Structure formats: C-alpha cells, structure tokens
Amino acid sequence: MWQEKDHQLFRAFRFPDFREAFAFMTKVALVAEKMDHHPTWTNTYDRVEIYLSTHSAGNTVTEKDHALAKAIDDLYEPS
C-alpha cells in the first residue's frame with residue numbers, strides 16, 4: 001500500500017531474492033521511461049523501496065505520481 005510521507009508517495013516491495021527484485025525494477029524502469037516519470041528508489045537484496053514525487057511541480061505528489069504508482073502496482077506479483 002502506498003503511503004504519502006514527506007511530500008512523496010512511498011511503498012516498499014519484498015521478493016524471494018535479489019534476482020526477482022531486480023527483474024521487477026527492470027519492468028518498472030521500462031514503464032517509467034514510457035511515462036517520462038522516473039522514481040527515486042533503493043534496492044537491498046530482496047527489498048525495493050520506491051519514492052514518487054513530481055520535481056517539476058516543486059517536489060509534490062501529483063496525478064503523474066498516482067498514475068505511475070498504479071502502473072507499478074500492476075507489475076507487482078507478490079510471491
């Protein structure tokens with residue numbers, strides 16, 4: 001579930017291993033590039049943390065962020 005904190009949308013995702021976490025990040029990268037809206041994220045082994053905000057709108061949450069969050073949710077297949 002996405003949370004709004006510090007003027008960003010945030011969600012953490014868990015995977016069985018690094019390979020699956022990285023595969024998920026690759027899928028997200030392709031969608032983000034198509035949307036021309038890129039996340040701030042971190043990856044540590046089986047965990048991916050994603051932060052979304054719109055820099056051109058003063059680093060606030062906009063509809064672009066909600067649209068990308070929805071697209072990311074559609075890609076996530078929990079194990």
# chains A, B, ... in the order shown; residues from 1 in each chain; ligands from 1
>>> residues_around(residues="Ala69 of chain A", least_positions_apart="4", cutoff="10 Å", atoms="only C-alpha atoms", output="VMD selection string")
chain A and resid 1 to 2 9 to 11 28 32 39 50 to 52 63 to 65 73 to 75
>>> residues_around(residues="Ala29 of chain A", least_positions_apart="2", cutoff="12 Å", atoms="only C-alpha atoms", output="VMD selection string")
chain A and resid 22 to 27 31 to 41 50 68 71 to 72 75
>>> atom_distance(atom1="atom CA of Phe18 of chain A", atom2="atom CA of Ser53 of chain A")
25.6 Å
>>> select_by_dssp(residues="segment 1-51 of chain A", states="helix (DSSP H, G or I)", output="ChimeraX atom specification")
/A:18-35
>>> select_by_dssp(residues="chain A", states="strand (DSSP E or B)", output="ChimeraX atom specification")
/A:3-5,8-14,40-44,47-52,54,60
>>> write_last_selection(atoms="N, CA and C atoms", output="short mmCIF file (atom, residue, chain, number, x, y, z; two decimals), in the first residue's frame")
data_model
loop_
_atom_site.label_atom_id
_atom_site.label_comp_id
_atom_site.auth_asym_id
_atom_site.auth_seq_id
_atom_site.Cartn_x
_atom_site.Cartn_y
_atom_site.Cartn_z
N GLN A 3 1.98 5.01 0.71
CA GLN A 3 1.79 5.98 1.79
C GLN A 3 2.32 7.32 1.31
N GLU A 4 1.65 8.39 1.70
CA GLU A 4 2.20 9.70 1.40
C GLU A 4 2.97 10.19 2.62
N LYS A 5 4.26 10.46 2.42
CA LYS A 5 5.08 10.99 3.51
C LYS A 5 6.15 11.89 2.94
N GLN A 8 5.93 12.86 -0.75
CA GLN A 8 6.22 11.80 -1.71
C GLN A 8 5.27 10.63 -1.46
N LEU A 9 5.04 9.85 -2.52
CA LEU A 9 4.40 8.56 -2.33
C LEU A 9 5.51 7.56 -2.07
N PHE A 10 5.28 6.64 -1.13
CA PHE A 10 6.29 5.65 -0.76
C PHE A 10 5.65 4.28 -0.67
N ARG A 11 6.40 3.28 -1.15
CA ARG A 11 6.00 1.89 -0.95
C ARG A 11 7.24 1.02 -0.97
N ALA A 12 7.25 0.01 -0.10
CA ALA A 12 8.31 -0.98 -0.07
C ALA A 12 7.77 -2.30 -0.61
N PHE A 13 8.57 -2.98 -1.40
CA PHE A 13 8.21 -4.25 -2.02
C PHE A 13 9.22 -5.30 -1.59
N ARG A 14 8.75 -6.52 -1.33
CA ARG A 14 9.64 -7.64 -0.97
C ARG A 14 9.52 -8.75 -2.00
N THR A 40 12.50 7.65 -7.55
CA THR A 40 13.68 7.56 -6.69
C THR A 40 13.51 6.23 -5.97
N TRP A 41 14.55 5.39 -6.01
CA TRP A 41 14.37 4.07 -5.40
C TRP A 41 15.67 3.54 -4.84
N THR A 42 15.53 2.54 -3.99
CA THR A 42 16.67 1.81 -3.46
C THR A 42 16.37 0.33 -3.55
N ASN A 43 17.45 -0.44 -3.60
CA ASN A 43 17.33 -1.90 -3.62
C ASN A 43 18.38 -2.48 -2.70
N THR A 44 17.96 -3.30 -1.78
CA THR A 44 18.86 -4.08 -0.94
C THR A 44 18.37 -5.51 -0.96
N ARG A 47 14.57 -6.42 -1.26
CA ARG A 47 13.67 -5.31 -0.95
C ARG A 47 13.91 -4.16 -1.93
N VAL A 48 12.81 -3.61 -2.44
CA VAL A 48 12.85 -2.43 -3.30
C VAL A 48 11.96 -1.38 -2.65
N GLU A 49 12.51 -0.20 -2.42
CA GLU A 49 11.75 0.93 -1.89
C GLU A 49 11.65 1.99 -2.96
N ILE A 50 10.42 2.46 -3.19
CA ILE A 50 10.18 3.43 -4.26
C ILE A 50 9.54 4.69 -3.68
N TYR A 51 10.07 5.83 -4.10
CA TYR A 51 9.55 7.14 -3.72
C TYR A 51 9.15 7.87 -4.99
N LEU A 52 7.97 8.44 -5.00
CA LEU A 52 7.48 9.17 -6.18
C LEU A 52 7.10 10.59 -5.79
N THR A 54 6.80 14.69 -8.08
CA THR A 54 6.99 15.38 -9.36
C THR A 54 7.90 16.58 -9.14
N THR A 60 6.23 17.73 -5.20
CA THR A 60 4.98 17.37 -4.54
C THR A 60 4.39 16.17 -5.26
#
>>> decode(residues="segment 60-78 of chain A", atoms="C-alpha atoms", output="PDB file, in the first residue's frame")
ATOM      1  CA  THR A  60       4.981  17.368  -4.541  1.00  0.00           C
ATOM      2  CA  VAL A  61       2.681  14.459  -5.281  1.00  0.00           C
ATOM      3  CA  THR A  62       0.696  14.912  -8.492  1.00  0.00           C
ATOM      4  CA  GLU A  63      -1.512  12.800 -10.725  1.00  0.00           C
ATOM      5  CA  LYS A  64       1.635  11.674 -12.567  1.00  0.00           C
ATOM      6  CA  ASP A  65       2.816  10.033  -9.353  1.00  0.00           C
ATOM      7  CA  HIS A  66      -0.513   8.335  -8.734  1.00  0.00           C
ATOM      8  CA  ALA A  67      -0.549   7.055 -12.329  1.00  0.00           C
ATOM      9  CA  LEU A  68       2.966   5.625 -12.022  1.00  0.00           C
ATOM     10  CA  ALA A  69       2.125   4.107  -8.622  1.00  0.00           C
ATOM     11  CA  LYS A  70      -0.865   2.346 -10.205  1.00  0.00           C
ATOM     12  CA  ALA A  71       1.304   1.073 -13.068  1.00  0.00           C
ATOM     13  CA  ILE A  72       3.881  -0.205 -10.568  1.00  0.00           C
ATOM     14  CA  ASP A  73       1.178  -1.966  -8.568  1.00  0.00           C
ATOM     15  CA  ASP A  74       0.029  -3.676 -11.772  1.00  0.00           C
ATOM     16  CA  LEU A  75       3.569  -5.056 -12.254  1.00  0.00           C
ATOM     17  CA  TYR A  76       3.981  -6.377  -8.717  1.00  0.00           C
ATOM     18  CA  GLU A  77       3.324 -10.082  -8.289  1.00  0.00           C
ATOM     19  CA  PRO A  78       3.913 -11.000  -4.652  1.00  0.00           C
TER      20      PRO A  78
END
